>>> print(open('data_32.txt').read())   # compact mmCIF, C-alpha atoms
# COMPACT_ATOMS: atom_id res chain seq x y z
CA MET A 1 -44.62 1.97 2.77
CA SER A 2 -45.55 0.47 6.11
CA ASP A 3 -46.04 -2.82 4.28
CA LYS A 4 -42.39 -2.94 3.22
CA LYS A 5 -41.25 -1.96 6.69
CA THR A 6 -43.36 -4.78 8.10
CA LEU A 7 -41.89 -7.25 5.65
CA GLU A 8 -38.35 -6.33 6.66
CA GLN A 9 -39.18 -6.36 10.35
CA GLU A 10 -40.90 -9.72 9.96
CA ALA A 11 -37.83 -11.02 8.15
CA HIS A 12 -35.54 -9.83 10.97
CA GLU A 13 -37.73 -11.56 13.54
CA LEU A 14 -37.83 -14.77 11.50
CA LEU A 15 -34.03 -14.70 11.29
CA GLY A 16 -33.93 -14.46 15.08
CA GLU A 17 -36.09 -17.58 15.21
CA GLU A 18 -33.75 -19.30 12.72
CA LYS A 19 -36.53 -19.60 10.13
CA TYR A 20 -34.18 -18.78 7.29
CA ALA A 21 -36.35 -19.88 4.35
CA GLU A 22 -39.28 -17.74 5.49
CA ALA A 23 -36.98 -14.80 6.25
CA GLY A 24 -35.44 -15.10 2.77
CA GLU A 25 -38.91 -15.09 1.23
CA ARG A 26 -39.94 -11.93 3.14
CA TYR A 27 -36.76 -10.12 2.09
CA LEU A 28 -37.36 -11.16 -1.49
CA GLN A 29 -40.94 -9.81 -1.42
CA ALA A 30 -39.65 -6.51 -0.03
CA ALA A 31 -36.92 -6.39 -2.71
CA LYS A 32 -39.42 -6.99 -5.52
CA ALA A 33 -41.59 -4.14 -4.20
CA PHE A 34 -38.57 -1.80 -4.13
CA GLN A 35 -37.60 -2.88 -7.65
CA ARG A 36 -41.07 -1.90 -8.88
CA GLN A 37 -40.56 1.53 -7.30
CA ASP A 38 -37.06 1.88 -8.81
CA LYS A 39 -35.53 2.07 -5.33
CA HIS A 40 -32.41 0.23 -6.38
CA ASP A 41 -30.38 0.85 -3.22
CA ARG A 42 -33.03 -0.69 -0.95
CA ALA A 43 -33.70 -3.50 -3.45
CA ALA A 44 -29.99 -4.39 -3.46
CA ILE A 45 -29.89 -4.55 0.34
CA CYS A 46 -33.04 -6.73 0.55
CA LEU A 47 -31.86 -9.07 -2.23
CA ALA A 48 -28.51 -9.51 -0.47
CA ALA A 49 -30.35 -10.25 2.79
CA SER A 50 -32.57 -12.75 0.99
CA ALA A 51 -29.53 -14.50 -0.49
CA SER A 52 -27.72 -14.63 2.87
CA SER A 53 -30.84 -16.00 4.59
CA ARG A 54 -31.14 -18.78 2.03
CA ALA A 55 -27.45 -19.59 2.36
CA LEU A 56 -28.06 -20.24 6.07
CA ILE A 57 -30.60 -23.01 5.40
CA LEU A 58 -29.07 -26.20 6.74
CA GLY A 59 -28.56 -29.02 4.27
CA GLU A 60 -29.21 -26.77 1.29
CA LYS A 61 -28.54 -28.88 -1.81
CA THR A 62 -27.86 -26.10 -4.26
CA TYR A 63 -26.51 -22.58 -3.93
CA HIS A 64 -27.54 -21.57 -7.42
CA ARG A 65 -30.51 -19.56 -6.15
CA VAL A 66 -28.34 -17.88 -3.50
CA ALA A 67 -25.73 -16.94 -6.10
CA GLY A 68 -28.42 -15.67 -8.46
CA LEU A 69 -29.86 -13.43 -5.73
CA TYR A 70 -26.43 -12.01 -4.85
CA GLU A 71 -25.85 -11.31 -8.54
CA GLU A 72 -29.24 -9.61 -8.85
CA ALA A 73 -28.43 -7.57 -5.74
CA ALA A 74 -25.12 -6.54 -7.31
CA LEU A 75 -26.94 -5.41 -10.46
CA GLU A 76 -29.27 -3.29 -8.34
CA ALA A 77 -26.29 -1.81 -6.50
CA GLU A 78 -24.72 -0.99 -9.88
CA ALA A 79 -27.97 0.65 -10.98
CA CYS A 80 -27.79 3.05 -8.03
CA LYS A 81 -24.04 3.60 -8.64
CA ASP A 82 -22.97 1.97 -5.39
CA LEU A 83 -20.08 0.19 -7.06
CA GLU A 84 -18.15 -0.74 -3.92
CA TYR A 85 -21.17 -2.62 -2.59
CA ALA A 86 -21.77 -4.14 -6.05
CA SER A 87 -18.18 -5.40 -6.15
CA MET A 88 -18.63 -7.12 -2.78
CA LEU A 89 -21.94 -8.68 -3.80
CA TYR A 90 -20.44 -10.08 -7.01
CA LYS A 91 -17.72 -11.66 -4.89
CA TYR A 92 -20.32 -13.32 -2.66
CA ALA A 93 -22.13 -14.51 -5.80
CA ALA A 94 -18.86 -15.99 -7.08
CA VAL A 95 -18.32 -17.87 -3.80
CA ALA A 96 -21.86 -19.28 -3.98
CA TYR A 97 -21.36 -20.35 -7.61
CA GLU A 98 -18.09 -22.03 -6.62
CA ARG A 99 -19.91 -24.04 -3.95
CA ASP A 100 -22.27 -25.14 -6.71
CA HIS A 101 -19.36 -25.98 -9.08
CA ASP A 102 -20.73 -23.54 -11.68
CA ASN A 103 -17.33 -22.38 -12.87
CA ILE A 104 -18.47 -20.32 -15.84
CA SER A 105 -20.67 -18.12 -13.64
CA LEU A 106 -17.91 -18.06 -10.99
CA SER A 107 -15.45 -16.69 -13.53
CA GLU A 108 -17.99 -14.13 -14.77
CA CYS A 109 -18.76 -12.89 -11.25
CA LEU A 110 -15.08 -12.62 -10.28
CA PHE A 111 -14.47 -10.52 -13.38
CA LYS A 112 -17.50 -8.31 -12.67
CA SER A 113 -16.43 -7.88 -9.05
CA LYS A 114 -12.99 -6.59 -10.03
CA GLU A 115 -14.43 -4.39 -12.77
CA ALA A 116 -17.00 -2.89 -10.39
CA TYR A 117 -14.22 -2.09 -7.90
CA ARG A 118 -12.08 -0.56 -10.63
CA ARG A 119 -15.00 1.64 -11.70
CA PHE A 120 -15.61 2.54 -8.05
CA LEU A 121 -12.00 3.78 -7.78
CA VAL A 122 -12.43 5.87 -10.94
CA GLN A 123 -15.71 7.29 -9.60
CA ASP A 124 -14.11 7.97 -6.22
CA LEU A 125 -11.15 9.71 -7.83
CA PHE A 126 -13.27 12.22 -9.71
CA ARG A 127 -15.80 12.78 -6.96
CA THR A 128 -13.32 13.41 -4.15
CA LYS A 129 -13.37 17.10 -3.35
CA LYS A 130 -10.03 18.85 -3.22
CA THR A 131 -9.27 20.13 0.26
CA LYS A 132 -6.96 23.00 1.15
CA GLU A 133 -4.71 20.48 2.89
CA ASN A 134 -4.43 18.36 -0.27
CA VAL A 135 -3.55 21.36 -2.39
CA ALA A 136 -1.02 22.59 0.17
CA ILE A 137 0.73 19.24 0.42
CA GLY A 138 0.70 18.89 -3.37
CA PHE A 139 1.41 15.19 -3.30
CA ASN A 140 -0.62 13.14 -0.86
CA LEU A 141 1.07 9.79 -0.26
CA ALA A 142 -1.96 8.19 1.40
CA PHE A 143 -4.22 9.23 -1.49
CA PHE A 144 -1.68 7.90 -3.97
CA SER A 145 -1.22 4.53 -2.27
CA LYS A 146 -4.91 3.96 -1.44
CA ARG A 147 -6.48 5.09 -4.69
CA ILE A 148 -4.05 5.68 -7.55
CA VAL A 149 -1.93 2.53 -7.14
CA PRO A 150 -4.92 0.12 -6.87
CA LEU A 151 -6.62 1.90 -9.78
CA LEU A 152 -3.55 1.60 -12.02
CA THR A 153 -3.01 -2.02 -11.00
CA LEU A 154 -6.63 -2.98 -11.68
CA THR A 155 -6.73 -1.09 -14.97
CA PHE A 156 -3.56 -2.81 -16.12
CA ALA A 157 -4.87 -6.21 -14.97
CA SER A 158 -8.15 -5.59 -16.78
CA LEU A 159 -6.40 -4.57 -19.97
CA ILE A 160 -3.78 -7.27 -20.03
CA TRP A 161 -5.71 -10.39 -18.93
CA GLY A 162 -9.19 -9.37 -17.74
CA HIS A 163 -8.24 -9.93 -14.07
CA GLY A 164 -7.19 -13.48 -14.89
CA GLU A 165 -10.63 -14.36 -16.29
CA ARG A 166 -10.09 -13.21 -19.90
CA PRO A 167 -6.75 -14.72 -21.03
CA HIS A 168 -7.52 -13.99 -24.69
CA ARG A 169 -6.98 -10.31 -23.86
CA THR A 170 -3.28 -11.10 -23.45
CA VAL A 171 -3.16 -12.23 -27.08
CA GLY A 172 -4.90 -9.02 -28.19
CA PHE A 173 -2.58 -6.92 -26.03
CA GLY A 174 0.46 -8.72 -27.50
CA LEU A 175 -0.71 -8.18 -31.08
CA VAL A 176 -1.36 -4.48 -30.51
CA LEU A 177 2.07 -4.08 -28.89
CA ILE A 178 3.75 -5.95 -31.78
CA LEU A 179 2.02 -3.70 -34.34
CA ILE A 180 2.87 -0.49 -32.46
CA CYS A 181 6.51 -1.51 -32.10
CA ALA A 182 6.63 -2.59 -35.76
CA ALA A 183 5.48 0.90 -36.71
CA GLY A 184 8.22 2.26 -34.46
CA TYR A 185 10.88 0.12 -36.18
CA MET A 186 9.64 1.32 -39.57
CA LEU A 187 10.33 4.92 -38.53
CA GLY A 188 13.95 4.00 -37.69
CA HIS A 189 16.53 1.58 -39.02
CA LEU A 190 17.49 -2.07 -38.56
CA ASN A 191 20.70 -3.91 -39.30
CA LYS A 192 20.09 -6.78 -41.74
CA ASP A 193 23.08 -8.99 -42.54
CA GLY A 194 25.45 -6.10 -41.75
CA THR A 195 23.55 -3.58 -43.87
CA ILE A 196 21.56 -0.71 -42.34
CA ILE A 197 18.05 -0.79 -43.83
CA SER A 198 14.77 1.11 -43.54
CA PRO A 199 12.59 -1.96 -42.92
CA THR A 200 9.43 -2.78 -44.83
CA PHE A 201 6.29 -3.57 -42.82
CA ALA A 202 6.91 -7.33 -43.20
CA GLN A 203 10.50 -7.04 -41.93
CA ALA A 204 9.50 -4.72 -39.07
CA PHE A 205 6.59 -7.00 -38.07
CA TYR A 206 8.84 -10.07 -38.20
CA PHE A 207 11.48 -8.40 -36.03
CA SER A 208 8.83 -7.01 -33.65
CA PHE A 209 7.22 -10.45 -33.27
CA SER A 210 10.54 -12.14 -32.56
CA SER A 211 11.52 -9.44 -30.02
CA TYR A 212 8.21 -9.80 -28.18
CA THR A 213 8.32 -13.59 -28.07
CA ARG A 214 12.10 -13.47 -27.45
CA VAL A 215 12.63 -16.07 -30.18
CA GLY A 216 15.37 -13.89 -31.62
CA VAL A 217 16.28 -13.35 -35.27
CA GLU A 218 19.95 -13.74 -36.01
CA ASN A 219 20.17 -11.78 -39.27
CA ILE A 220 18.22 -8.70 -38.08
CA THR A 221 19.36 -6.53 -35.15
CA PRO A 222 18.16 -3.15 -33.85
CA VAL A 223 20.11 0.04 -34.41
CA GLY A 224 20.05 3.31 -32.41
CA GLY A 225 16.63 4.11 -30.89
CA ALA A 226 15.28 0.75 -32.05
CA LYS A 227 17.44 -0.87 -29.34
CA ILE A 228 15.40 0.90 -26.63
CA VAL A 229 12.10 -0.16 -28.22
CA ALA A 230 13.31 -3.76 -28.57
CA THR A 231 14.45 -3.85 -24.93
CA ILE A 232 11.11 -2.53 -23.61
CA GLN A 233 9.21 -4.91 -25.88
CA ALA A 234 11.24 -7.93 -24.74
CA PHE A 235 10.78 -6.88 -21.08
CA ILE A 236 6.97 -6.72 -21.49
CA GLY A 237 7.03 -10.03 -23.39
CA ILE A 238 8.81 -11.77 -20.49
CA PHE A 239 5.83 -11.03 -18.23
CA THR A 240 2.84 -11.20 -20.55
CA ILE A 241 3.45 -14.58 -22.18
CA PRO A 242 3.53 -16.49 -18.85
CA LEU A 243 0.51 -14.44 -17.78
CA TYR A 244 -1.41 -15.78 -20.79
CA LEU A 245 -0.45 -19.36 -19.95
CA THR A 246 -1.40 -18.87 -16.30
CA GLY A 247 -4.81 -17.41 -17.23
CA LEU A 248 -5.45 -20.20 -19.70
CA CYS A 249 -4.45 -22.98 -17.26
CA ARG A 250 -6.49 -21.35 -14.49
CA LYS A 251 -9.60 -21.44 -16.69
CA TYR A 252 -8.87 -24.89 -18.09
CA LEU A 253 -8.32 -26.48 -14.67
CA ARG A 254 -11.69 -25.20 -13.43
CA TYR A 255 -13.65 -26.93 -16.18
CA MET O 1 -35.69 9.63 16.09
CA ASP O 2 -33.73 12.01 18.34
CA ILE O 3 -30.24 12.97 17.27
CA LYS O 4 -27.82 14.64 19.70
CA LEU O 5 -24.54 16.21 18.66
CA GLU O 6 -21.60 16.34 21.05
CA LYS O 7 -17.96 17.30 20.65
CA ILE O 8 -15.09 15.36 22.17
CA ASN O 9 -12.02 17.49 21.42
CA ASP O 10 -12.06 17.73 17.62
CA ILE O 11 -14.25 14.66 17.18
CA GLN O 12 -17.94 14.92 16.42
CA LEU O 13 -20.08 12.42 18.33
CA ILE O 14 -23.55 11.77 16.93
CA VAL O 15 -25.86 9.95 19.31
CA LEU O 16 -28.90 8.37 17.67
CA ASP O 17 -32.00 7.54 19.68
CA GLY O 18 -34.74 5.53 17.94
CA GLU O 19 -35.23 3.40 14.86
CA LEU O 20 -33.24 4.31 11.75
CA ASN O 21 -35.91 3.70 9.16
CA MET O 22 -37.77 5.35 6.29
CA GLU O 23 -39.27 8.01 8.59
CA SER O 24 -36.00 9.03 10.21
CA THR O 25 -33.48 8.84 7.33
CA HIS O 26 -34.20 12.39 6.15
CA LYS O 27 -33.41 13.83 9.59
CA PHE O 28 -30.36 11.57 9.82
CA LYS O 29 -28.97 12.81 6.49
CA GLU O 30 -29.75 16.45 7.37
CA THR O 31 -27.60 16.13 10.51
CA PHE O 32 -24.53 15.53 8.38
CA LYS O 33 -24.97 18.56 6.11
CA ALA O 34 -22.99 20.87 8.43
CA ILE O 35 -20.34 18.20 9.05
CA LEU O 36 -19.85 17.72 5.31
CA LYS O 37 -18.76 21.36 5.06
CA GLU O 38 -15.86 20.70 7.43
CA ARG O 39 -12.64 19.29 6.03
CA ASN O 40 -11.05 16.17 7.52
CA ALA O 41 -13.80 15.84 10.12
CA LYS O 42 -13.77 12.85 12.48
CA VAL O 43 -17.18 11.41 13.26
CA ILE O 44 -18.40 8.74 15.67
CA ILE O 45 -21.98 7.56 15.25
CA ASP O 46 -23.34 6.06 18.47
CA PHE O 47 -25.87 3.28 17.85
CA ALA O 48 -26.47 2.39 21.54
CA LYS O 49 -30.11 3.52 21.45
CA VAL O 50 -30.97 2.29 17.97
CA PRO O 51 -33.14 -0.83 18.31
CA PHE O 52 -33.76 -1.43 14.58
CA ILE O 53 -32.46 -0.43 11.17
CA ASP O 54 -34.15 -1.18 7.86
CA SER O 55 -32.91 -1.04 4.25
CA SER O 56 -33.56 2.71 3.97
CA GLY O 57 -31.48 3.25 7.13
CA ILE O 58 -28.65 1.13 5.76
CA ALA O 59 -28.81 2.94 2.40
CA ALA O 60 -28.68 6.32 4.22
CA LEU O 61 -25.74 5.15 6.34
CA ILE O 62 -23.83 4.02 3.24
CA GLU O 63 -24.56 7.34 1.51
CA VAL O 64 -23.46 9.40 4.51
CA CYS O 65 -20.22 7.43 4.94
CA GLN O 66 -19.44 7.76 1.22
CA ASN O 67 -20.11 11.52 1.31
CA LEU O 68 -17.85 11.88 4.34
CA GLY O 69 -15.14 10.01 2.47
CA LYS O 70 -15.38 12.50 -0.39
CA VAL O 71 -14.38 15.39 1.91
CA ASN O 72 -11.61 13.31 3.51
CA ALA O 73 -13.67 12.94 6.68
CA ARG O 74 -13.53 9.72 8.68
CA ALA O 75 -16.50 8.04 10.30
CA CYS O 76 -17.03 5.01 12.49
CA LEU O 77 -19.88 3.38 14.38
CA CYS O 78 -19.91 2.33 18.01
CA HIS O 79 -22.15 0.55 20.52
CA VAL O 80 -23.92 -1.27 17.71
CA ASN O 81 -26.20 -3.93 19.23
CA LYS O 82 -25.96 -7.56 18.14
CA LYS O 83 -29.27 -7.45 16.28
CA ILE O 84 -28.08 -4.60 14.07
CA VAL O 85 -24.67 -6.21 13.55
CA ASN O 86 -26.58 -9.28 12.33
CA VAL O 87 -28.53 -7.09 9.91
CA PHE O 88 -25.25 -5.59 8.63
CA GLU O 89 -23.81 -9.07 8.20
CA ILE O 90 -26.85 -10.54 6.49
CA THR O 91 -26.99 -7.62 4.04
CA LYS O 92 -23.18 -7.87 3.54
CA VAL O 93 -22.57 -4.21 4.30
CA HIS O 94 -20.51 -4.90 7.45
CA LYS O 95 -17.24 -4.43 5.56
CA LEU O 96 -18.27 -0.95 4.44
CA PHE O 97 -18.25 0.43 7.99
CA LYS O 98 -15.74 0.59 10.83
CA ILE O 99 -17.54 -0.75 13.88
CA PHE O 100 -16.19 -0.46 17.45
CA GLU O 101 -17.44 -1.72 20.79
CA SER O 102 -17.05 1.57 22.68
CA HIS O 103 -16.35 5.30 22.37
CA GLN O 104 -12.82 4.77 23.65
CA GLU O 105 -12.01 2.22 20.96
CA ALA O 106 -13.52 4.47 18.30
CA LEU O 107 -11.55 7.47 19.59
CA ARG O 108 -8.31 5.48 19.49
CA SER O 109 -8.94 4.61 15.83
CA PHE O 110 -8.53 8.27 14.73
>>> encode(input="data_32.txt", output="structure tokens")
Amino acid sequence: MSDKKTLEQEAHELLGEEKYAEAGERYLQAAKAFQRQDKHDRAAICLAASASSRALILGEKTYHRVAGLYEEAALEAEACKDLEYASMLYKYAAVAYERDHDNISLSECLFKSKEAYRRFLVQDLFRTKKTKENVAIGFNLAFFSKRIVPLLTLTFASLIWGHGERPHRTVGFGLVLILICAAGYMLGHLNKDGTIISPTFAQAFYFSFSSYTRVGVENITPVGGAKIVATIQAFIGIFTIPLYLTGLCRKYLRY
Amino acid sequence: MDIKLEKINDIQLIVLDGELNMESTHKFKETFKAILKERNAKVIIDFAKVPFIDSSGIAALIEVCQNLGKVNARACLCHVNKKIVNVFEITKVHKLFKIFESHQEALRSF
């Protein structure tokens, strides 16, 4: 144990002397020793320190190693369920990849950072002990705004476009919504050329697709409850289609 | 490591004296057991006499702060020397803690 303590202390002293490469190496040695002992929390901290030390080396030509170390540190933090720390480390890894113009890894790390934070909020939600004060108040505004709102936002962002890094999810989301709404239209009625019909799957799918994309079909219109479904579907379509294009352009422009 | 507990009104002040390392983390975590039973506790951890912190100390500090958060308690650090702030920054944990220059600043934050 004293060995590891010495390595960390040595690294701190080397940092003070601005010997960043040597300090990074000492931290890395300590991290590897902790990894062998399955001490993931300490390994994550030492790997992050090693990455930061290397990032301080003047005139460093590549940040790939730095980014890789931050990513490894984030994985260790995930292994010991410290998801808030993991989220931060993934973000630092993403910044290092960006400096190295490695956009695929940048995108991956940004996605993992957001996902880790989302999982941290879920974990936090279920682990928070209920206090008498919470129960007495019934609805805690601070709790709602600090935890529930970010959790819902991140979950929705993950589902709908993978936090901007998975635009194909928007297509999947759209298809699922079109199918669900088509099933809804099949349960009700549509007006086709002035005649009220119970639509077939093909007719319902066609109408659902045109409502979602807001192309509009002149000879088929919703009737009764179908009007509500069509309105909600069109409203979601207004936001999700531009979201897909934004996600796609964002990815395309990076490469 | 010596750990002293003081009360300033309803705020718990924890004064650490010595290195926060592998040998002292157990005692450090034990100190918080009673505080974790209180609801909505307010805690200031004084680092004025802590010359060094290693990865086990940082891991213990993260764990304690997370546990305090689970019982709606609030914690902050004060009088953290530059060397330790550098360690927090190099390990990228500085954003996980609220760090203040003095007791007064920490007290005002509650």
>>> atom_distance(input="data_32.txt", atom1="CA of Leu83 in chain A", atom2="CA of Thr240 in chain A")
28.9 Å
>>> atom_distance(input="data_32.txt", atom1="CA of Ala234 in chain A", atom2="CA of Tyr252 in chain A")
27.1 Å
>>> residues_around(input="data_32.txt", residues="Gly188 in chain A", least_positions_apart="6", cutoff="10 Å", atoms="only C-alpha atoms", output="PyMOL selection string")
chain A and resi 197-199+204+222-226
>>> closest_residue(input="data_32.txt", among="A:Lys114, A:Phe239, A:Phe126, A:Tyr97", to="chain O", atoms="all atoms listed in the file")
A:Phe126
>>> atom_distance(input="data_32.txt", atom1="CA of Ala183 in chain A", atom2="CA of Ile220 in chain A")
16.0 Å
>>> closest_residue(input="data_32.txt", among="O:Glu105, O:Phe97, O:Lys33, O:Thr25", to="Ala59 in chain O", atoms="only C-alpha atoms")
O:Thr25
>>> interface_residues(input="data_32.txt", of="chain O", to="chain A", cutoff="10 Å", atoms="all atoms listed in the file", output="MDAnalysis selection string")
chainID O and resid 21:23 38:40 52:60 62:63 66:72 83:84 86:93 95:96
>>> write_last_selection(input="data_32.txt", atoms="C-alpha atoms", output="CSV table (one decimal), keeping the file's coordinate frame")
chain,number,residue,atom,x,y,z
O,21,ASN,CA,-35.9,3.7,9.2
O,22,MET,CA,-37.8,5.4,6.3
O,23,GLU,CA,-39.3,8.0,8.6
O,38,GLU,CA,-15.9,20.7,7.4
O,39,ARG,CA,-12.6,19.3,6.0
O,40,ASN,CA,-11.0,16.2,7.5
O,52,PHE,CA,-33.8,-1.4,14.6
O,53,ILE,CA,-32.5,-0.4,11.2
O,54,ASP,CA,-34.2,-1.2,7.9
O,55,SER,CA,-32.9,-1.0,4.2
O,56,SER,CA,-33.6,2.7,4.0
O,57,GLY,CA,-31.5,3.2,7.1
O,58,ILE,CA,-28.6,1.1,5.8
O,59,ALA,CA,-28.8,2.9,2.4
O,60,ALA,CA,-28.7,6.3,4.2
O,62,ILE,CA,-23.8,4.0,3.2
O,63,GLU,CA,-24.6,7.3,1.5
O,66,GLN,CA,-19.4,7.8,1.2
O,67,ASN,CA,-20.1,11.5,1.3
O,68,LEU,CA,-17.8,11.9,4.3
O,69,GLY,CA,-15.1,10.0,2.5
O,70,LYS,CA,-15.4,12.5,-0.4
O,71,VAL,CA,-14.4,15.4,1.9
O,72,ASN,CA,-11.6,13.3,3.5
O,83,LYS,CA,-29.3,-7.4,16.3
O,84,ILE,CA,-28.1,-4.6,14.1
O,86,ASN,CA,-26.6,-9.3,12.3
O,87,VAL,CA,-28.5,-7.1,9.9
O,88,PHE,CA,-25.2,-5.6,8.6
O,89,GLU,CA,-23.8,-9.1,8.2
O,90,ILE,CA,-26.8,-10.5,6.5
O,91,THR,CA,-27.0,-7.6,4.0
O,92,LYS,CA,-23.2,-7.9,3.5
O,93,VAL,CA,-22.6,-4.2,4.3
O,95,LYS,CA,-17.2,-4.4,5.6
O,96,LEU,CA,-18.3,-1.0,4.4
>>> residues_around(input="data_32.txt", residues="Val229 in chain A", least_positions_apart="4", cutoff="12 Å", atoms="only C-alpha atoms", output="number ranges by chain")
A: 177-178, 180-190, 207-208, 211-212, 221-225, 233-236
